[in-house]
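Structure, as structure tokens:
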Amino acid sequence: MEQTNKKRIFSAIQPSGVITLGNYLGALRNWVSFQEEYECIYALADLHTITVRQEPAALRKNTMEAYALLLACGVDLDKSLFFIQSHVHQHAELAWILNCYTQFGELSRMTQFKDKSLKHADNINAGLFTYPALMAADILLYGADLVPIGADQKQHLELARDIAIRFNGIYSPTFTVPEGFIPKTGARIMSLADPTKKMSKSDENVNATICLLDRPEDIMRKFKRAVTDSEACVRYAEGKDGINNLMGIYSCVTGKSYEEIEKEFDGRGYGDFKTAVGDAVAAHLAPIQEKFRAYMADKAFMEKSYRESAEKASYIAEKMLAKVKRKIGFVGK
Ligand code: TRP
């Protein structure tokens with residue numbers, strides 16, 4: 001990655017399961033467009049993923065698939081770094097250090113920790129608790145200026161900023177204090193079965209979630225079953241969560257405005273509209289799925305890609321880690 005005065009972005013996604021249309025339209029599509037304007041560093045946060053118990057074969061498969069799928073979506077290794085977090089050991093090392101600059105009280109206030117503790121009551125491990133310090137390490141290692149995040153990560157980003165400010169204050173300016181940003185264009189895609197809930201890969205109802213690798217017929221079935229309302233009028237309005245969600249999805253994949261959509265479906269029923277949304281989504285995903293299969297079939301290319309990216313990332317990360325160690329007072333090697 002060349003040195004430029006472009007602002008630097010860091011973001012990561014966990015390879016914890018299938019990637020959904022919500023992940024794609026809400027975040028990953030932005031990752032792709034950021035590459036034009038920013039210097040982007042992206043990672044698969046597999047160290048974060050093991051805060052919840054994973055079956056080894058599934059973790060390996062999910063990580064490889066997520067890597068191939070993000071390339072297929074347009075993450076471009078000529079423009080950006082895209083690596084697997086556990087390949088860059090400095091993340092875990094800085095996370096340990098930052099743990100010592102993060103307060104028990106701060107971590108105790110994290111709502112995601114509280115939620116996940118309830119959900120995984122049989123495995124409330126220390127990693128789940130200190131997860132935000134690892135996330136801070138991810139960001140601070142690269143001097144990222146901007147961190148695109150979902151609303152659910154806002155509190156973690158705030159904490160990363162507090163840790164950076166604290167460390168800089170104790171020693172001297174070391175870390176760039178990152179700005180979080182929740183991109184305006186990132187649609188918040190809701191569950192097809194309960195449009196008041198965010199679309200989630202962990203939803204038990206298979207019809208609630210569109211996965212990027214779903215077959216066209218499954219995509220169509222899920223849209224046909226999507227929960228709507230009884231008004232039978234395609235218009236964007238309060239209280240029409242299901243239709244609003246479908247309009248958001250349709251608008252994202254076709255580029256049509258809500259007004260244009262309302263006009264297109266004026267006087268037509270929800271059946272027609274759902275079919276159109278299903279067709280548009282399947283057509284949008286078809287080339288991505290094709291590229292995904294090509295990447296998955298080319299293991300040598302995949303390996304070369306994530307290794308080279310990890311090497312470049314490690315070079316940047318090591319410089320920051322060495323600086324941090326010096327400031328703390330560790331004896332140099
Ligand atoms: N915790 C984030 C999530 O689950 C993923 C993540 C890990 C991340 N490290 C990050 C996001 C650094 C932004 C920056 O969504």
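Each chain in the structure tokens gets a letter, A, B, ..., in the order shown, and its residues are numbered from 1; ligands are numbered from 1 in order too.
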
(request) Write down as a ChimeraX atom specification the residues belonging to segment 167-298 of chain A that are assigned alpha helix (DSSP H) by DSSP computed on the backbone. (result) /A:167-170,216-224,241-254,258-264,270-297

(message) 6 Å from ligand 1 is the threshold here; counting only C-alpha atoms and all ligand atoms, which polymer residues fall inside it? Answer as a list in words.
(response) Phe10, Ser11, Ala12, Ile13, Gln14, Ala45, Met135, Asp138, Ile139, Val147 and Ile149 of chain A

May I have the residues from that selection written out with N, CA, C and O atoms, as a short mmCIF file (atom, residue, chain, number, x, y, z; two decimals), in the first residue's frame?
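Saved as out_37.cif:
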```cif
data_model
loop_
_atom_site.label_atom_id
_atom_site.label_comp_id
_atom_site.auth_asym_id
_atom_site.auth_seq_id
_atom_site.Cartn_x
_atom_site.Cartn_y
_atom_site.Cartn_z
N PHE A 10 -10.04 1.78 9.08
CA PHE A 10 -9.91 0.38 9.49
C PHE A 10 -11.31 -0.15 9.78
O PHE A 10 -12.11 0.52 10.43
N SER A 11 -11.57 -1.36 9.30
CA SER A 11 -12.80 -2.02 9.74
C SER A 11 -12.60 -3.53 9.70
O SER A 11 -11.68 -4.03 9.04
N ALA A 12 -13.44 -4.22 10.41
CA ALA A 12 -13.34 -5.68 10.47
C ALA A 12 -14.72 -6.28 10.63
O ALA A 12 -15.65 -5.63 11.10
N ILE A 13 -14.81 -7.51 10.20
CA ILE A 13 -16.06 -8.26 10.37
C ILE A 13 -15.69 -9.63 10.89
O ILE A 13 -14.63 -10.17 10.57
N GLN A 14 -16.55 -10.18 11.73
CA GLN A 14 -16.25 -11.50 12.28
C GLN A 14 -16.66 -12.60 11.31
O GLN A 14 -17.77 -12.55 10.76
N ALA A 45 -12.07 -10.65 11.73
CA ALA A 45 -11.73 -10.63 13.16
C ALA A 45 -11.97 -12.00 13.79
O ALA A 45 -12.87 -12.19 14.60
N MET A 135 -10.50 -4.93 20.15
CA MET A 135 -11.01 -4.10 19.06
C MET A 135 -10.25 -2.77 19.01
O MET A 135 -9.91 -2.27 17.93
N ASP A 138 -6.96 -3.42 17.34
CA ASP A 138 -7.13 -3.52 15.88
C ASP A 138 -7.01 -2.14 15.23
O ASP A 138 -6.33 -1.95 14.23
N ILE A 139 -7.73 -1.23 15.81
CA ILE A 139 -7.86 0.11 15.22
C ILE A 139 -6.59 0.93 15.44
O ILE A 139 -6.06 1.55 14.52
N VAL A 147 -13.39 4.83 11.42
CA VAL A 147 -13.80 3.44 11.60
C VAL A 147 -15.30 3.32 11.31
O VAL A 147 -16.13 3.73 12.13
N ILE A 149 -18.66 1.68 11.40
CA ILE A 149 -19.19 0.65 12.30
C ILE A 149 -20.70 0.66 12.27
O ILE A 149 -21.32 1.67 11.93
#
```

(request) Measuring atom to atom with only C-alpha atoms, identify which of A:Val32, A:Leu321, A:Leu94, A:Ala43 is nearest to Tyr306 of chain A. (result) A:Ala43

(message) Please list as a VMD selection string every residue within 10 Å of Asp46 of chain A, counting only C-alpha atoms and excluding residues in the same chain fewer than 3 positions away.
(response) chain A and resid 12 to 16 43 49 to 51 59 to 60 62 to 63 84 to 87

(request) Find the residues around Ser80 of chain A up to 7 Å (only C-alpha atoms counted), leave out those fewer than 5 positions away in its own chain, and share them as number ranges by chain. (result) A: 1, 35, 39-41

(request) Just the residues within 9 Å of Val324 of chain A, please, counting only C-alpha atoms, with nothing from its chain fewer than 5 positions along; format it as a PyMOL selection string. (result) chain A and resi 94+97+174-175+319+329

(request) Using only C-alpha atoms, find the one residue out of A:Arg161, A:His89, A:Lys201, A:His48 that sits nearest to Glu318 of chain A. (result) A:His89

(message) I'd like the neighbourhood of Gln155 of chain A as JSON, numbers by chain, where a residue qualifies if any of its atoms comes within 10 Å (using only C-alpha atoms), though same-chain residues fewer than 3 positions away should be ignored.
(response) {"A": [109, 110, 111, 112, 132, 151, 152, 158, 159, 160, 161, 180]}

(request) Enter the distance from atom CA of Ile9 of chain A to atom CA of Glu311 of chain A, in Å, rounded to one decimal. (result) 18.2 Å

(request) Fewer than 4 positions away in the same chain doesn't count, so skip those; otherwise give me all residues within 10 Å of Leu28 of chain A, counting only C-alpha atoms, as an MDAnalysis selection string. (result) chainID A and resid 11:13 19 21:24 32:34 70 73:75 186

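Considering only C-alpha atoms, the residue among A:Met199, A:Phe129, A:Lys224, A:Arg29 positioned nearest to Leu71 of chain A is A:Arg29.
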
(request) Check the smallest atom-to-atom distance from each of A:Ile219, A:Ile316, A:Ile261, A:Val253 to Gly278 of chain A using only C-alpha atoms, then report the winner. (result) A:Ile219

(message) Which of segment 96-191 of chain A end up as strand (DSSP E) when DSSP is run on this backbone - answer as a ChimeraX atom specification?
(response) /A:146-148,179-181

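Shortest atom-to-atom contact with Arg225 of chain A among A:Lys119, A:Lys274, A:Lys240, A:Lys263: A:Lys274, counting only C-alpha atoms.
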
(message) Using only C-alpha atoms, can you tell me which of A:Glu106, A:Pro173, A:Leu212, A:Asp162 comes closest to Gly17 of chain A?
(response) A:Leu212

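Note that the spacing between atom CA of Gly242 of chain A and atom CA of Ile210 of chain A amounts to 14.5 Å.
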